Every structure is written in C-alpha cells, then in structure tokens.
>>> print(open('data00.cif').read())   # mmCIF, N, CA and C atoms
data_target
#
loop_
_atom_site.group_PDB
_atom_site.id
_atom_site.type_symbol
_atom_site.label_atom_id
_atom_site.label_comp_id
_atom_site.auth_asym_id
_atom_site.auth_seq_id
_atom_site.Cartn_x
_atom_site.Cartn_y
_atom_site.Cartn_z
ATOM 1 N N MET A 95 92.545 -71.239 150.775
ATOM 2 C CA MET A 95 92.828 -69.924 151.304
ATOM 3 C C MET A 95 94.276 -69.521 151.004
ATOM 4 N N LYS A 96 95.202 -70.482 151.123
ATOM 5 C CA LYS A 96 96.609 -70.175 150.849
ATOM 6 C C LYS A 96 96.803 -69.776 149.388
ATOM 7 N N LYS A 97 96.073 -70.435 148.488
ATOM 8 C CA LYS A 97 96.176 -70.097 147.076
ATOM 9 C C LYS A 97 95.700 -68.663 146.824
ATOM 10 N N PHE A 98 94.635 -68.273 147.502
ATOM 11 C CA PHE A 98 94.099 -66.920 147.349
ATOM 12 C C PHE A 98 95.109 -65.880 147.834
ATOM 13 N N ILE A 99 95.723 -66.115 148.974
ATOM 14 C CA ILE A 99 96.712 -65.180 149.520
ATOM 15 C C ILE A 99 97.917 -65.100 148.589
ATOM 16 N N PHE A 100 98.389 -66.242 148.106
ATOM 17 C CA PHE A 100 99.515 -66.265 147.173
ATOM 18 C C PHE A 100 99.176 -65.490 145.898
ATOM 19 N N LEU A 101 97.976 -65.695 145.383
ATOM 20 C CA LEU A 101 97.538 -65.005 144.175
ATOM 21 C C LEU A 101 97.456 -63.496 144.416
ATOM 22 N N ALA A 102 96.929 -63.084 145.554
ATOM 23 C CA ALA A 102 96.819 -61.660 145.882
ATOM 24 C C ALA A 102 98.203 -61.023 145.989
ATOM 25 N N ILE A 103 99.132 -61.697 146.631
ATOM 26 C CA ILE A 103 100.503 -61.172 146.752
ATOM 27 C C ILE A 103 101.149 -61.075 145.375
ATOM 28 N N PHE A 104 100.952 -62.078 144.549
ATOM 29 C CA PHE A 104 101.508 -62.072 143.195
ATOM 30 C C PHE A 104 100.963 -60.901 142.390
ATOM 31 N N ILE A 105 99.670 -60.658 142.478
ATOM 32 C CA ILE A 105 99.048 -59.558 141.731
ATOM 33 C C ILE A 105 99.611 -58.216 142.190
ATOM 34 N N VAL A 106 99.746 -58.024 143.492
ATOM 35 C CA VAL A 106 100.290 -56.767 144.015
ATOM 36 C C VAL A 106 101.736 -56.579 143.559
ATOM 37 N N LEU A 107 102.537 -57.615 143.649
ATOM 38 C CA LEU A 107 103.930 -57.526 143.207
ATOM 39 C C LEU A 107 104.027 -57.239 141.716
ATOM 40 N N PHE A 108 103.142 -57.853 140.938
ATOM 41 C CA PHE A 108 103.133 -57.630 139.499
ATOM 42 C C PHE A 108 102.778 -56.185 139.167
ATOM 43 N N GLN A 109 101.793 -55.624 139.875
ATOM 44 C CA GLN A 109 101.364 -54.253 139.611
ATOM 45 C C GLN A 109 102.449 -53.238 139.948
ATOM 46 N N PHE A 110 103.264 -53.526 140.933
ATOM 47 C CA PHE A 110 104.291 -52.591 141.371
ATOM 48 C C PHE A 110 105.695 -53.045 140.980
ATOM 49 N N ARG A 111 105.807 -53.869 139.958
ATOM 50 C CA ARG A 111 107.097 -54.426 139.564
ATOM 51 C C ARG A 111 108.087 -53.352 139.144
ATOM 52 N N ASP A 112 107.626 -52.319 138.459
ATOM 53 C CA ASP A 112 108.545 -51.264 138.025
ATOM 54 C C ASP A 112 109.130 -50.515 139.215
ATOM 55 N N GLU A 113 108.292 -50.196 140.202
ATOM 56 C CA GLU A 113 108.777 -49.497 141.390
ATOM 57 C C GLU A 113 109.745 -50.372 142.180
ATOM 58 N N LEU A 114 109.425 -51.650 142.300
ATOM 59 C CA LEU A 114 110.298 -52.560 143.028
ATOM 60 C C LEU A 114 111.635 -52.709 142.319
ATOM 61 N N PHE A 115 111.596 -52.812 140.997
ATOM 62 C CA PHE A 115 112.830 -52.956 140.236
ATOM 63 C C PHE A 115 113.686 -51.694 140.340
ATOM 64 N N SER A 116 113.052 -50.512 140.223
ATOM 65 C CA SER A 116 113.827 -49.272 140.282
ATOM 66 C C SER A 116 114.371 -49.023 141.686
ATOM 67 N N PHE A 117 113.697 -49.523 142.714
ATOM 68 C CA PHE A 117 114.207 -49.402 144.074
ATOM 69 C C PHE A 117 115.449 -50.265 144.251
ATOM 70 N N HIS A 118 115.387 -51.458 143.698
ATOM 71 C CA HIS A 118 116.506 -52.403 143.802
ATOM 72 C C HIS A 118 117.660 -52.022 142.867
ATOM 73 N N SER A 119 117.332 -51.597 141.657
ATOM 74 C CA SER A 119 118.338 -51.237 140.651
ATOM 75 C C SER A 119 118.007 -49.868 140.081
ATOM 76 N N PRO A 120 118.504 -48.785 140.687
ATOM 77 C CA PRO A 120 118.168 -47.450 140.183
ATOM 78 C C PRO A 120 118.606 -47.261 138.734
ATOM 79 N N ALA A 121 117.856 -46.429 138.026
ATOM 80 C CA ALA A 121 118.156 -46.154 136.630
ATOM 81 C C ALA A 121 119.478 -45.407 136.503
ATOM 82 N N PRO A 122 120.194 -45.639 135.413
ATOM 83 C CA PRO A 122 121.436 -44.882 135.190
ATOM 84 C C PRO A 122 121.152 -43.384 135.110
ATOM 85 N N GLU A 123 122.146 -42.574 135.353
ATOM 86 C CA GLU A 123 121.998 -41.122 135.398
ATOM 87 C C GLU A 123 122.051 -40.490 134.008
ATOM 88 N N TYR A 124 121.174 -40.903 133.120
ATOM 89 C CA TYR A 124 121.130 -40.328 131.785
ATOM 90 C C TYR A 124 120.636 -38.890 131.817
ATOM 91 N N ALA A 125 119.827 -38.543 132.800
ATOM 92 C CA ALA A 125 119.276 -37.195 132.884
ATOM 93 C C ALA A 125 120.346 -36.152 133.154
ATOM 94 N N ALA A 126 121.484 -36.545 133.671
ATOM 95 C CA ALA A 126 122.557 -35.597 133.982
ATOM 96 C C ALA A 126 123.064 -34.888 132.718
ATOM 97 N N LYS A 127 122.844 -35.477 131.556
ATOM 98 C CA LYS A 127 123.277 -34.883 130.296
ATOM 99 C C LYS A 127 122.367 -33.744 129.838
ATOM 100 N N HIS A 128 121.188 -33.624 130.450
ATOM 101 C CA HIS A 128 120.181 -32.688 129.971
ATOM 102 C C HIS A 128 119.660 -31.804 131.099
ATOM 103 N N GLU A 129 119.214 -30.618 130.733
ATOM 104 C CA GLU A 129 118.607 -29.716 131.716
ATOM 105 C C GLU A 129 117.219 -30.201 132.137
ATOM 106 N N GLU A 130 116.529 -30.839 131.226
ATOM 107 C CA GLU A 130 115.152 -31.269 131.471
ATOM 108 C C GLU A 130 115.104 -32.393 132.504
ATOM 109 N N ARG A 131 114.049 -32.394 133.314
ATOM 110 C CA ARG A 131 113.865 -33.441 134.323
ATOM 111 C C ARG A 131 113.178 -34.675 133.747
ATOM 112 N N VAL A 132 112.692 -34.559 132.514
ATOM 113 C CA VAL A 132 111.981 -35.662 131.864
ATOM 114 C C VAL A 132 112.680 -35.993 130.556
ATOM 115 N N ILE A 133 112.970 -37.273 130.367
ATOM 116 C CA ILE A 133 113.497 -37.753 129.098
ATOM 117 C C ILE A 133 112.472 -38.732 128.536
ATOM 118 N N LEU A 134 112.078 -38.497 127.309
ATOM 119 C CA LEU A 134 111.086 -39.326 126.627
ATOM 120 C C LEU A 134 111.790 -40.145 125.552
ATOM 121 N N TYR A 135 111.606 -41.465 125.608
ATOM 122 C CA TYR A 135 112.099 -42.376 124.580
ATOM 123 C C TYR A 135 110.874 -42.798 123.790
ATOM 124 N N ALA A 136 110.861 -42.458 122.495
ATOM 125 C CA ALA A 136 109.638 -42.621 121.717
ATOM 126 C C ALA A 136 109.962 -42.911 120.264
ATOM 127 N N THR A 137 108.880 -43.046 119.474
ATOM 128 C CA THR A 137 108.982 -43.138 118.022
ATOM 129 C C THR A 137 108.014 -42.118 117.437
ATOM 130 N N GLN A 138 108.145 -41.848 116.153
ATOM 131 C CA GLN A 138 107.260 -40.876 115.508
ATOM 132 C C GLN A 138 105.867 -41.448 115.230
ATOM 133 N N TRP A 139 105.763 -42.743 115.014
ATOM 134 C CA TRP A 139 104.500 -43.358 114.619
ATOM 135 C C TRP A 139 103.623 -43.776 115.793
ATOM 136 N N CYS A 140 104.143 -43.790 117.007
ATOM 137 C CA CYS A 140 103.432 -44.312 118.179
ATOM 138 C C CYS A 140 102.358 -43.339 118.675
ATOM 139 N N ALA A 141 101.118 -43.804 118.743
ATOM 140 C CA ALA A 141 100.009 -42.952 119.192
ATOM 141 C C ALA A 141 100.161 -42.560 120.663
ATOM 142 N N TYR A 142 100.629 -43.471 121.515
ATOM 143 C CA TYR A 142 100.802 -43.133 122.928
ATOM 144 C C TYR A 142 101.982 -42.182 123.136
ATOM 145 N N CYS A 143 102.953 -42.233 122.253
ATOM 146 C CA CYS A 143 104.055 -41.262 122.310
ATOM 147 C C CYS A 143 103.519 -39.871 121.999
ATOM 148 N N LYS A 144 102.622 -39.782 121.018
ATOM 149 C CA LYS A 144 102.000 -38.495 120.683
ATOM 150 C C LYS A 144 101.181 -37.971 121.857
ATOM 151 N N LYS A 145 100.450 -38.863 122.524
ATOM 152 C CA LYS A 145 99.670 -38.455 123.703
ATOM 153 C C LYS A 145 100.597 -37.970 124.819
ATOM 154 N N THR A 146 101.719 -38.647 124.973
ATOM 155 C CA THR A 146 102.678 -38.256 126.009
ATOM 156 C C THR A 146 103.250 -36.877 125.707
ATOM 157 N N ARG A 147 103.651 -36.643 124.459
ATOM 158 C CA ARG A 147 104.168 -35.322 124.064
ATOM 159 C C ARG A 147 103.131 -34.233 124.336
ATOM 160 N N LYS A 148 101.891 -34.513 123.932
ATOM 161 C CA LYS A 148 100.809 -33.535 124.112
ATOM 162 C C LYS A 148 100.594 -33.243 125.598
ATOM 163 N N PHE A 149 100.589 -34.281 126.430
ATOM 164 C CA PHE A 149 100.410 -34.099 127.871
ATOM 165 C C PHE A 149 101.539 -33.249 128.447
ATOM 166 N N LEU A 150 102.771 -33.557 128.092
ATOM 167 C CA LEU A 150 103.912 -32.805 128.611
ATOM 168 C C LEU A 150 103.850 -31.340 128.168
ATOM 169 N N GLU A 151 103.506 -31.106 126.908
ATOM 170 C CA GLU A 151 103.417 -29.738 126.399
ATOM 171 C C GLU A 151 102.269 -28.967 127.032
ATOM 172 N N GLN A 152 101.098 -29.609 127.192
ATOM 173 C CA GLN A 152 99.946 -28.943 127.797
ATOM 174 C C GLN A 152 100.203 -28.565 129.257
ATOM 175 N N ASN A 153 101.040 -29.336 129.930
ATOM 176 C CA ASN A 153 101.341 -29.078 131.336
ATOM 177 C C ASN A 153 102.658 -28.317 131.522
ATOM 178 N N ASN A 154 103.177 -27.775 130.411
ATOM 179 C CA ASN A 154 104.412 -26.988 130.446
ATOM 180 C C ASN A 154 105.556 -27.722 131.152
ATOM 181 N N ILE A 155 105.679 -29.002 130.841
ATOM 182 C CA ILE A 155 106.742 -29.828 131.414
ATOM 183 C C ILE A 155 107.835 -29.961 130.361
ATOM 184 N N PRO A 156 108.988 -29.342 130.607
ATOM 185 C CA PRO A 156 110.070 -29.464 129.623
ATOM 186 C C PRO A 156 110.601 -30.898 129.585
ATOM 187 N N TYR A 157 110.896 -31.360 128.384
ATOM 188 C CA TYR A 157 111.402 -32.724 128.237
ATOM 189 C C TYR A 157 112.393 -32.786 127.088
ATOM 190 N N TYR A 158 113.227 -33.792 127.150
ATOM 191 C CA TYR A 158 114.153 -34.081 126.065
ATOM 192 C C TYR A 158 113.703 -35.397 125.455
ATOM 193 N N GLU A 159 113.659 -35.448 124.131
ATOM 194 C CA GLU A 159 113.170 -36.660 123.468
ATOM 195 C C GLU A 159 114.250 -37.336 122.640
ATOM 196 N N TYR A 160 114.288 -38.648 122.780
ATOM 197 C CA TYR A 160 115.096 -39.496 121.912
ATOM 198 C C TYR A 160 114.141 -40.307 121.046
ATOM 199 N N ASP A 161 114.344 -40.295 119.744
ATOM 200 C CA ASP A 161 113.634 -41.199 118.851
ATOM 201 C C ASP A 161 114.460 -42.482 118.814
ATOM 202 N N VAL A 162 113.940 -43.533 119.411
ATOM 203 C CA VAL A 162 114.722 -44.768 119.561
ATOM 204 C C VAL A 162 114.987 -45.465 118.232
ATOM 205 N N GLU A 163 114.297 -45.041 117.182
ATOM 206 C CA GLU A 163 114.537 -45.641 115.867
ATOM 207 C C GLU A 163 115.627 -44.900 115.085
ATOM 208 N N SER A 164 115.871 -43.651 115.431
ATOM 209 C CA SER A 164 116.864 -42.897 114.660
ATOM 210 C C SER A 164 118.081 -42.470 115.479
ATOM 211 N N SER A 165 118.045 -42.656 116.781
ATOM 212 C CA SER A 165 119.162 -42.263 117.640
ATOM 213 C C SER A 165 119.773 -43.504 118.288
ATOM 214 N N SER A 166 121.013 -43.794 117.939
ATOM 215 C CA SER A 166 121.656 -44.968 118.540
ATOM 216 C C SER A 166 121.901 -44.744 120.027
ATOM 217 N N GLU A 167 122.227 -43.512 120.424
ATOM 218 C CA GLU A 167 122.404 -43.215 121.846
ATOM 219 C C GLU A 167 121.077 -43.411 122.592
ATOM 220 N N GLY A 168 119.997 -42.892 122.011
ATOM 221 C CA GLY A 168 118.671 -43.056 122.618
ATOM 222 C C GLY A 168 118.269 -44.516 122.708
ATOM 223 N N TYR A 169 118.539 -45.276 121.655
ATOM 224 C CA TYR A 169 118.196 -46.700 121.649
ATOM 225 C C TYR A 169 118.977 -47.451 122.723
ATOM 226 N N ASP A 170 120.267 -47.143 122.849
ATOM 227 C CA ASP A 170 121.094 -47.812 123.861
ATOM 228 C C ASP A 170 120.596 -47.496 125.270
ATOM 229 N N GLN A 171 120.241 -46.234 125.511
ATOM 230 C CA GLN A 171 119.705 -45.855 126.820
ATOM 231 C C GLN A 171 118.370 -46.547 127.074
ATOM 232 N N PHE A 172 117.520 -46.559 126.060
ATOM 233 C CA PHE A 172 116.207 -47.204 126.129
ATOM 234 C C PHE A 172 116.350 -48.666 126.542
ATOM 235 N N LYS A 173 117.267 -49.381 125.916
ATOM 236 C CA LYS A 173 117.486 -50.792 126.246
ATOM 237 C C LYS A 173 118.060 -50.950 127.650
ATOM 238 N N ALA A 174 118.990 -50.076 128.036
ATOM 239 C CA ALA A 174 119.599 -50.148 129.367
ATOM 240 C C ALA A 174 118.575 -49.894 130.469
ATOM 241 N N LEU A 175 117.525 -49.146 130.136
ATOM 242 C CA LEU A 175 116.464 -48.861 131.106
ATOM 243 C C LEU A 175 115.385 -49.948 131.123
ATOM 244 N N GLY A 176 115.573 -50.992 130.345
ATOM 245 C CA GLY A 176 114.608 -52.092 130.318
ATOM 246 C C GLY A 176 113.495 -51.874 129.316
ATOM 247 N N GLY A 177 113.731 -51.014 128.357
ATOM 248 C CA GLY A 177 112.706 -50.699 127.369
ATOM 249 C C GLY A 177 112.391 -51.856 126.447
ATOM 250 N N ARG A 178 111.097 -52.119 126.324
ATOM 251 C CA ARG A 178 110.612 -53.121 125.382
ATOM 252 C C ARG A 178 109.507 -52.549 124.529
ATOM 253 N N GLY A 179 108.987 -51.408 124.958
ATOM 254 C CA GLY A 179 107.922 -50.742 124.222
ATOM 255 C C GLY A 179 107.984 -49.252 124.498
ATOM 256 N N VAL A 180 107.368 -48.487 123.615
ATOM 257 C CA VAL A 180 107.354 -47.042 123.779
ATOM 258 C C VAL A 180 105.932 -46.582 124.092
ATOM 259 N N PRO A 181 105.771 -45.474 124.739
ATOM 260 C CA PRO A 181 106.811 -44.585 125.251
ATOM 261 C C PRO A 181 107.413 -45.120 126.546
ATOM 262 N N LEU A 182 108.637 -44.693 126.781
ATOM 263 C CA LEU A 182 109.323 -44.947 128.036
ATOM 264 C C LEU A 182 109.857 -43.590 128.484
ATOM 265 N N LEU A 183 109.634 -43.273 129.752
ATOM 266 C CA LEU A 183 110.085 -41.987 130.272
ATOM 267 C C LEU A 183 111.026 -42.186 131.439
ATOM 268 N N LEU A 184 111.951 -41.276 131.575
ATOM 269 C CA LEU A 184 112.833 -41.206 132.728
ATOM 270 C C LEU A 184 112.514 -39.871 133.396
ATOM 271 N N VAL A 185 111.879 -39.949 134.571
ATOM 272 C CA VAL A 185 111.427 -38.752 135.284
ATOM 273 C C VAL A 185 112.125 -38.711 136.635
ATOM 274 N N ASN A 186 113.003 -37.739 136.802
ATOM 275 C CA ASN A 186 113.761 -37.618 138.054
ATOM 276 C C ASN A 186 114.414 -38.940 138.460
ATOM 277 N N GLY A 187 114.949 -39.652 137.480
ATOM 278 C CA GLY A 187 115.658 -40.898 137.754
ATOM 279 C C GLY A 187 114.777 -42.116 137.894
ATOM 280 N N LYS A 188 113.476 -41.964 137.700
ATOM 281 C CA LYS A 188 112.555 -43.102 137.799
ATOM 282 C C LYS A 188 111.994 -43.419 136.419
ATOM 283 N N VAL A 189 111.906 -44.703 136.129
ATOM 284 C CA VAL A 189 111.453 -45.165 134.824
ATOM 285 C C VAL A 189 109.937 -45.354 134.832
ATOM 286 N N ILE A 190 109.296 -44.843 133.785
ATOM 287 C CA ILE A 190 107.863 -45.054 133.576
ATOM 288 C C ILE A 190 107.706 -45.718 132.214
ATOM 289 N N LYS A 191 107.102 -46.883 132.215
ATOM 290 C CA LYS A 191 106.856 -47.605 130.969
ATOM 291 C C LYS A 191 105.411 -47.388 130.570
ATOM 292 N N GLY A 192 105.201 -46.797 129.405
ATOM 293 C CA GLY A 192 103.861 -46.530 128.917
ATOM 294 C C GLY A 192 103.396 -45.121 129.261
ATOM 295 N N PHE A 193 102.208 -44.792 128.796
ATOM 296 C CA PHE A 193 101.606 -43.479 128.995
ATOM 297 C C PHE A 193 100.847 -43.496 130.318
ATOM 298 N N ASP A 194 101.407 -42.864 131.344
ATOM 299 C CA ASP A 194 100.824 -42.878 132.692
ATOM 300 C C ASP A 194 100.960 -41.488 133.306
ATOM 301 N N THR A 195 99.947 -40.655 133.106
ATOM 302 C CA THR A 195 100.004 -39.259 133.542
ATOM 303 C C THR A 195 100.134 -39.127 135.056
ATOM 304 N N LYS A 196 99.474 -39.994 135.805
ATOM 305 C CA LYS A 196 99.540 -39.915 137.271
ATOM 306 C C LYS A 196 100.960 -40.148 137.770
ATOM 307 N N ARG A 197 101.634 -41.128 137.199
ATOM 308 C CA ARG A 197 103.013 -41.408 137.632
ATOM 309 C C ARG A 197 103.973 -40.319 137.189
ATOM 310 N N ILE A 198 103.737 -39.738 136.017
ATOM 311 C CA ILE A 198 104.591 -38.635 135.570
ATOM 312 C C ILE A 198 104.517 -37.501 136.585
ATOM 313 N N LEU A 199 103.310 -37.101 136.954
ATOM 314 C CA LEU A 199 103.137 -36.003 137.901
ATOM 315 C C LEU A 199 103.672 -36.375 139.279
ATOM 316 N N LYS A 200 103.445 -37.612 139.693
ATOM 317 C CA LYS A 200 103.933 -38.081 140.998
ATOM 318 C C LYS A 200 105.459 -38.011 141.064
ATOM 319 N N TYR A 201 106.135 -38.482 140.028
ATOM 320 C CA TYR A 201 107.589 -38.497 140.026
ATOM 321 C C TYR A 201 108.178 -37.099 139.862
ATOM 322 N N LEU A 202 107.438 -36.181 139.245
ATOM 323 C CA LEU A 202 107.912 -34.802 139.147
ATOM 324 C C LEU A 202 107.863 -34.097 140.504
ATOM 325 N N GLU A 203 106.876 -34.465 141.326
ATOM 326 C CA GLU A 203 106.740 -33.865 142.655
ATOM 327 C C GLU A 203 107.836 -34.354 143.600
ATOM 328 N N GLY A 204 108.158 -35.630 143.495
ATOM 329 C CA GLY A 204 109.073 -36.256 144.455
ATOM 330 C C GLY A 204 110.463 -36.168 144.149
#
>>> encode(input="data00.cif", output="structure tokens")
Amino acid sequence: MKKFIFLAIFIVLFQFRDELFSFHSPAPEYAAKHEERVILYATQWCAYCKKTRKFLEQNNIPYYEYDVESSSEGYDQFKALGGRGVPLLLVNGKVIKGFDTKRILKYLEG
C-alpha cells in the first residue's frame, strides 16, 4: 500500500512539475521587452510550432516569436527558461513547454 501511495504522489508531482517549478522559481521578465503577453520560442521546421502559431492566430492572440535557431537572444532566453524542446511559450510570466492549448488559455485568463 505504501508503494502505491508513493507512486501516486510521484505521478502527480511529475504531471505538475512545470507549475511547481515556476511557483518556486518564477520565469525572468522577458515579456517586459514586448507589448505581447505571449512569447513563442520556436523553430521554422517544427510541426508543433506551426500548430501553436496557427492556434494563436486563429484565436487572435498577439504574440512575439523568437526563432531559437537564428536568434541568439531568443536562444539565451529559451535556455534560461529551461527550454529543451520547442515550442516553448512564456504566457503572462508562466512557462509552457510544448503545444498545450488549455494551458495557454488558462494562463491568458489569470
């Protein structure tokens, strides 16, 4: 029974690791440089980056994009935010790793 409880706690912590990390260590204020509330760190070849762009455009969500392969400033910010894969978004100071429409909308509301 103890193993099951430990496993359940581990799974919950793993699923919410990004929220826990951002609560403990808030993201740097990179958004202060831009009018947009969303910053997208992406590449041109990434299919999920294309889906993210399309979602943002379809929902009339203004965003600023850094191509992490061609922008050294974007790459440095991407790494400082814990980026290991694209897309990575900074929405109202909260980091979203991957294409997650529910979290994008949630963080825009809050």
>>> atom_distance(input="data00.cif", atom1="atom N of A:Glu123", atom2="atom CA of A:Val106")
27.5 Å
>>> residues_around(input="data00.cif", residues="A:Tyr158", least_positions_apart="2", cutoff="6 Å", atoms="only N, CA and C atoms", output="ChimeraX atom specification")
/A:130,132-134,156,160
>>> resolve_selection(input="data00.cif", expression="the PyMOL selection byres ((chain A and resi 186) around 6.5)", output="ChimeraX atom specification")
/A:131-133,184-185,187-188,201-202
>>> residues_near_point(input="data00.cif", point="(116.9, -44.8, 123.3)", cutoff="12 Å", atoms="only C-alpha atoms", output="ChimeraX atom specification")
/A:124,133-137,158-184
>>> closest_residue(input="data00.cif", among="A:Ala102, A:Glu129, A:Thr146, A:Lys96", to="A:Gly192", atoms="only N, CA and C atoms")
A:Thr146
>>> atom_distance(input="data00.cif", atom1="atom CA of A:Cys140", atom2="atom N of A:Glu203")
25.4 Å
>>> atom_distance(input="data00.cif", atom1="atom CA of A:Arg197", atom2="atom CA of A:Leu101")
25.1 Å
>>> select_by_dssp(input="data00.cif", residues="chain A", states="helix (DSSP H, G or I)", output="PyMOL selection string")
chain A and resi 96-109+111-118+124-127+141-152+166-174+195-203
>>> axis_aligned_box(input="data00.cif", around="stretch 135-143 of chain A", padding_each_side="4 Å", output="lines of an AutoDock Vina configuration file")
center_x = 106.1
center_y = -42.1
center_z = 120.1
size_x = 20.1
size_y = 12.4
size_z = 19.0
>>> closest_residue(input="data00.cif", among="A:Cys143, A:Ile99, A:Leu107, A:Ile155", to="A:Leu199", atoms="only C-alpha atoms")
A:Ile155
>>> closest_residue(input="data00.cif", among="A:Lys127, A:Met95, A:Ile105, A:Thr195", to="A:Phe149", atoms="only N, CA and C atoms")
A:Thr195
>>> select_by_dssp(input="data00.cif", residues="stretch 101-201 of chain A", states="strand (DSSP E or B)", output="ChimeraX atom specification")
/A:132-136,157-161,182-185,188-191
>>> closest_residue(input="data00.cif", among="A:His128, A:Phe100, A:Tyr157, A:Phe193", to="A:Tyr142", atoms="only N, CA and C atoms")
A:Phe193
